Amino acid sequence: MAERLRFRSYLAIALVVAILALGSHLLTAEAALLCNPSFPFAGRYVQSCKDNYNFDTSYWKGRMVTKVLSGGAIAKLGWNYWSDTRWCNGVAVFQWTWGSSYGLNATNWASTSPSHPKGTCAGANEAQVYGIHYWEQSGSSTTEPWSYWRTL
Amino acid sequence: MKVVRLMFRKPRWSTMLPLALGVGLVVSLAMTRQPSYEDSQLRQIAPPARSRGDVAVMVDSLSQKWMEQFESQDWLFFSYKDEITGPVGNNPETGQPLANEAFWELWYELDESGNAVTVLVRHTDLERGTVTRVAWHAETLLREPSGTMESGHDWAGNHPIKDHFCNKSVLELRPSATVKESWWIDGDGVSHRVTQVRAGHSSITTADITGKEQEYIGTELTCSRNESTGAVDYSSLAFLPSLGEPIVYQRTYEYVADSVAQPPSEMMDLLDELLRRLSER
């Protein structure tokens with residue numbers, strides 16, 4: 001009997017630890033997103049976000065997220081263009097560009113996450129991310145630009 | 001008997017003179033040739049293996065040696081050439097193609113702690129000859145010819161020698177990274193120390209270095225330094241694909257560092273323009 005009780009208490013502790021770990025993981029993941037203020041569109045609230053960069057020794061990696069916060073699914077959403085530029089000492093030295101990418105019908109979330117070499121720069125090595133998020137519903141659409149600087 | 005007689009007979013000027021001239025020409029060419037990053041491939045000799053800690057100490061001491069030469073209150077001038085392989089895209093400001101080969105000239109005004117107060121940059125596209133100039137002061141930069149002014153750039157803690165990536169790459173090593181050392185001697189008999197840092201990625205990275213997406217498992221940074229001055233000669237950054245040879249992404253070479261009384265007038269004019277615009281805010 002005592003053994004079963006001890007087992008149950010261990011199980012409860014393990015469950016609490018697991019919930020705390022999951023919660024903290026979700027909080028960390030959410031905190032990494034840098035979001036513009038949400039705004040109303042077609043009876044919904046939409047928002048665009050830029051994920052904080054992940055840095056490897058030689059790569060930097062970003063993610064753009066297009067969201068519908070409330071009001072139900074939307075016909076189309078996504079990013080319709082974005083680019084990354086690497087600047088060395090204030091001079092553009094590398095640019096990566098992407099074309100359009102739209103989410104599927106009835107979605108409320110879309111993202112893209114490419115990665116690039118950090119390269120080397122004898123001085124200030126920086127990256128600028130620029131993008132436009134896109135939402136479409138019932139023949140009308142809206143966009144929001146995004147621009148962002150990071151030291152590599 | 002005939003062979004022996006041939007070997008020991010007196011040398012004739014008619015046969016020895018062209019031979020001597022040929023040898024002289026080869027030696028003279030070898031002596032006058034400028035050292036370049038390709039030399040290391042030709043003259044590398046494997047040194048005795050040393051620990052990563054020893055290599056880090058050696059790199060730090062060479063960096064200190066290089067820095068000690070520029071402790072005056074003048075401007076620190078720094079220049080180098082840069083090559084990026086593969087397509088680099090277009091300048092978002094002008095729409096013009098970016099440079100694969102460039103010449104960089106930088107002037108640093110440093111405070112007593114070695115932090116940058118002002119940085120002036122002159123970038124020459126060696127393929128097209130176009131020049132971009134940048135002045136940075138008080139976290140703001142002004143770029144010409146676009147006339148762009150941007151705030152929020154913090155370059156103050158960026159010392160061109162102390163914070164050079166050749167120093168950081170060894171000093172900020174990941175535990176999983178490996179370091180190889182070698183050395184070469186240039187035409188003037190000066191010894192150069194080469195460090196090669198190879199770091200594996202924590203996970204396979206997909207990147208578009210050569211214009212198409214490919215998987216890479218690691219990076220290799222090679223730096224060569226003059227052992228008598230501590231100066232960086234050249235560096236190269238290569239990416240390691242999951243299969244095949246490393247792909248060289250970038251090379252920097254022909255480094256020059258010097259103390260100068262003042263940057264050229266075209267750069268001082270740009271700085272004056274930046275200061276004028278800052279004062280109007």
# chains A, B, ... in the order shown; residues from 1 in each chain; ligands from 1
>>> interface_residues(of="chain A", to="chain B", cutoff="12 Å", atoms="only C-alpha atoms", output="ChimeraX atom specification")
/A:54-62,82-98,113-130,148-152
>>> residues_around(residues="Met67 (chain B)", least_positions_apart="6", cutoff="9 Å", atoms="only C-alpha atoms", output="list in words")
Ile161, Lys162, Gly230 and Ala231 of chain B
>>> atom_distance(atom1="CA of Leu274 (chain B)", atom2="CA of Gly95 (chain B)")
24.2 Å
>>> closest_residue(among="B:Leu76, B:Ile217, B:Leu110, B:Ala257", to="Glu245 (chain B)", atoms="only C-alpha atoms")
B:Ile217
>>> atom_distance(atom1="CA of Asp186 (chain B)", atom2="CA of Tyr234 (chain B)")
13.2 Å
>>> atom_distance(atom1="CA of Leu126 (chain B)", atom2="CA of Ala261 (chain B)")
26.9 Å
